[in-house]
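Take a look at the structure set out below.
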Amino acid sequence: MGGITILEILQSQPAVLSRLQRLILQPNVAAAQVRYWLVANYWQIVDEALVADNEIIYEIIVAEPGSMPPLTPVQAEIGPVLLVKRPPEFKARVRTAIAERQYVASQLARSTSKAAASKRQRLLQEISMLETLLS
């Protein structure tokens with residue numbers, strides 16, 4: 001299930017959500033948005049895991065009620081717990097994030113608009129930050 005769909009479900013049932021003691025989520029896409037939402041809505045990310053299956057890496061996020069500091073963009077993208085744990089699939093996950101940004105940046109390079117140039121520059125900075133995680 002996509003991260004946006006997960007967020008729609010969580011937001012649509014606040015009464016149910018308020019009674020839960022733990023969320024175990026597996027966003028196929030938009031994991032960063034899920035992490036930002038969790039922190040903004042007083043859910044603490046207590047554990048994360050990566051599971052590889054047929055060259056696809058799945059992210060699992062475990063959250064419990066509580067607060068935590070705001071996430072940096074890298075923490076949101078890769079996961080604050082994963083940045084510390086660095087499981088075997090960690091580098092593959094980072095490489096995937098880099099490849100996604102490289103593809104979008106290459107497409108934006110074709111545009112002549114200032115907005116596209118600005119977004120491309122931001123993506124190139126994100127790529128540089130992510131590449132530091134591979135060393």
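The chains in the structure tokens are called A, B, ... from first to last as shown; in each chain the residues are counted from 1, and the ligands are counted from 1 in the order shown.
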
Considering only C-alpha atoms, return as a PyMOL selection string whatever protein or nucleic-acid residues lie within 12 Å of A:Arg122, sequence-local ones (same chain, fewer than 3 positions apart) excluded.
chain A and resi 73+101-102+104-105+108+115-119+125-129

Taking C-alpha atoms for each residue, export the selection above as a compact mmCIF listing (two decimals), in the first residue's frame.
```txt
# COMPACT_ATOMS: atom_id res chain seq x y z
CA PRO A 73 15.13 15.31 5.15
CA ARG A 101 16.54 11.39 -7.65
CA GLN A 102 19.06 11.04 -10.47
CA VAL A 104 14.09 13.00 -11.94
CA ALA A 105 17.08 15.38 -12.06
CA LEU A 108 14.39 18.28 -15.14
CA ALA A 115 11.29 26.22 -11.14
CA ALA A 116 12.67 23.08 -12.77
CA ALA A 117 16.24 24.32 -12.34
CA SER A 118 15.58 25.03 -8.67
CA LYS A 119 14.04 21.62 -8.08
CA GLN A 125 21.98 18.39 -3.08
CA GLU A 126 19.89 15.49 -1.77
CA ILE A 127 21.90 13.08 -3.93
CA SER A 128 25.13 14.44 -2.44
CA MET A 129 23.78 14.01 1.10
```

Mind checking DSSP for chain A and telling me the strand (DSSP E or B) residues as a VMD selection string?
chain A and resid 23 to 25 43 to 53 56 to 65

Output the selection as an mmCIF file, in the first residue's frame - N, CA and C atoms for each residue.
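See again-v7.cif below for the written result:
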```
data_model
loop_
_atom_site.group_PDB
_atom_site.id
_atom_site.type_symbol
_atom_site.label_atom_id
_atom_site.label_comp_id
_atom_site.auth_asym_id
_atom_site.auth_seq_id
_atom_site.Cartn_x
_atom_site.Cartn_y
_atom_site.Cartn_z
ATOM 1 N N LEU A 23 1.605 1.197 15.814
ATOM 2 C CA LEU A 23 1.337 1.104 14.381
ATOM 3 C C LEU A 23 2.503 0.363 13.738
ATOM 4 N N ILE A 24 2.200 -0.581 12.881
ATOM 5 C CA ILE A 24 3.217 -1.253 12.077
ATOM 6 C C ILE A 24 2.818 -1.009 10.632
ATOM 7 N N LEU A 25 3.611 -0.198 9.951
ATOM 8 C CA LEU A 25 3.261 0.277 8.616
ATOM 9 C C LEU A 25 4.304 -0.182 7.603
ATOM 10 N N TRP A 43 3.457 10.607 17.028
ATOM 11 C CA TRP A 43 3.808 9.194 17.009
ATOM 12 C C TRP A 43 5.326 9.128 16.929
ATOM 13 N N GLN A 44 5.905 8.353 17.815
ATOM 14 C CA GLN A 44 7.354 8.205 17.850
ATOM 15 C C GLN A 44 7.744 6.964 17.051
ATOM 16 N N ILE A 45 8.697 7.114 16.154
ATOM 17 C CA ILE A 45 9.190 5.969 15.383
ATOM 18 C C ILE A 45 10.145 5.205 16.290
ATOM 19 N N VAL A 46 9.732 3.998 16.701
ATOM 20 C CA VAL A 46 10.509 3.232 17.671
ATOM 21 C C VAL A 46 11.339 2.133 17.025
ATOM 22 N N ASP A 47 10.981 1.723 15.825
ATOM 23 C CA ASP A 47 11.768 0.707 15.137
ATOM 24 C C ASP A 47 11.489 0.788 13.644
ATOM 25 N N GLU A 48 12.438 0.314 12.880
ATOM 26 C CA GLU A 48 12.285 0.242 11.432
ATOM 27 C C GLU A 48 13.066 -0.968 10.951
ATOM 28 N N ALA A 49 12.622 -1.515 9.837
ATOM 29 C CA ALA A 49 13.318 -2.653 9.246
ATOM 30 C C ALA A 49 13.227 -2.562 7.734
ATOM 31 N N LEU A 50 14.171 -3.210 7.088
ATOM 32 C CA LEU A 50 14.152 -3.357 5.637
ATOM 33 C C LEU A 50 14.085 -4.849 5.339
ATOM 34 N N VAL A 51 13.208 -5.207 4.420
ATOM 35 C CA VAL A 51 13.066 -6.603 4.015
ATOM 36 C C VAL A 51 13.251 -6.669 2.511
ATOM 37 N N ALA A 52 14.192 -7.503 2.067
ATOM 38 C CA ALA A 52 14.443 -7.659 0.635
ATOM 39 C C ALA A 52 13.742 -8.916 0.140
ATOM 40 N N ASP A 53 13.041 -8.772 -0.984
ATOM 41 C CA ASP A 53 12.359 -9.902 -1.607
ATOM 42 C C ASP A 53 12.438 -9.727 -3.121
ATOM 43 N N ILE A 56 13.460 -6.374 -4.468
ATOM 44 C CA ILE A 56 12.630 -5.255 -4.015
ATOM 45 C C ILE A 56 12.847 -5.113 -2.515
ATOM 46 N N ILE A 57 13.060 -3.886 -2.084
ATOM 47 C CA ILE A 57 13.277 -3.634 -0.660
ATOM 48 C C ILE A 57 12.027 -2.989 -0.086
ATOM 49 N N TYR A 58 11.485 -3.613 0.941
ATOM 50 C CA TYR A 58 10.296 -3.110 1.614
ATOM 51 C C TYR A 58 10.707 -2.473 2.937
ATOM 52 N N GLU A 59 10.100 -1.333 3.242
ATOM 53 C CA GLU A 59 10.363 -0.641 4.499
ATOM 54 C C GLU A 59 9.231 -0.915 5.477
ATOM 55 N N ILE A 60 9.604 -1.174 6.713
ATOM 56 C CA ILE A 60 8.620 -1.370 7.775
ATOM 57 C C ILE A 60 8.911 -0.331 8.850
ATOM 58 N N ILE A 61 7.870 0.377 9.249
ATOM 59 C CA ILE A 61 7.991 1.436 10.250
ATOM 60 C C ILE A 61 7.098 1.070 11.431
ATOM 61 N N VAL A 62 7.675 1.081 12.623
ATOM 62 C CA VAL A 62 6.918 0.812 13.845
ATOM 63 C C VAL A 62 6.871 2.105 14.650
ATOM 64 N N ALA A 63 5.665 2.519 15.010
ATOM 65 C CA ALA A 63 5.499 3.774 15.753
ATOM 66 C C ALA A 63 4.573 3.564 16.941
ATOM 67 N N GLU A 64 4.851 4.310 17.993
ATOM 68 C CA GLU A 64 4.022 4.288 19.200
ATOM 69 C C GLU A 64 3.713 5.730 19.591
ATOM 70 N N PRO A 65 2.623 5.948 20.328
ATOM 71 C CA PRO A 65 2.300 7.312 20.745
ATOM 72 C C PRO A 65 3.471 7.935 21.506
#
```

Could you list, as a PyMOL selection string, every residue within 10 Å of A:Ala40, counting only C-alpha atoms and ignoring same-chain residues fewer than 5 positions away?
chain A and resi 34-35+67-71

Write the residues you've just listed into a file as a PDB file, in the first residue's frame, and include C-alpha atoms for each of them.
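To be explicit, this is the file written out as part-v4.pdb:
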```
ATOM      1  CA  VAL A  34       4.498   8.804   6.383  1.00  0.00           C
ATOM      2  CA  ARG A  35       7.411   9.511   8.716  1.00  0.00           C
ATOM      3  CA  SER A  67       6.910  12.761  20.596  1.00  0.00           C
ATOM      4  CA  MET A  68      10.287  12.952  18.954  1.00  0.00           C
ATOM      5  CA  PRO A  69      12.391  15.729  17.437  1.00  0.00           C
ATOM      6  CA  PRO A  70      11.523  16.909  13.926  1.00  0.00           C
ATOM      7  CA  LEU A  71      13.061  14.800  11.183  1.00  0.00           C
TER       8      LEU A  71
END
```

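Distances here use only C-alpha atoms; by that measure, the residue among A:Thr132, A:Tyr103, A:Gln26, A:Gly2 closest to A:Arg120 is A:Tyr103.
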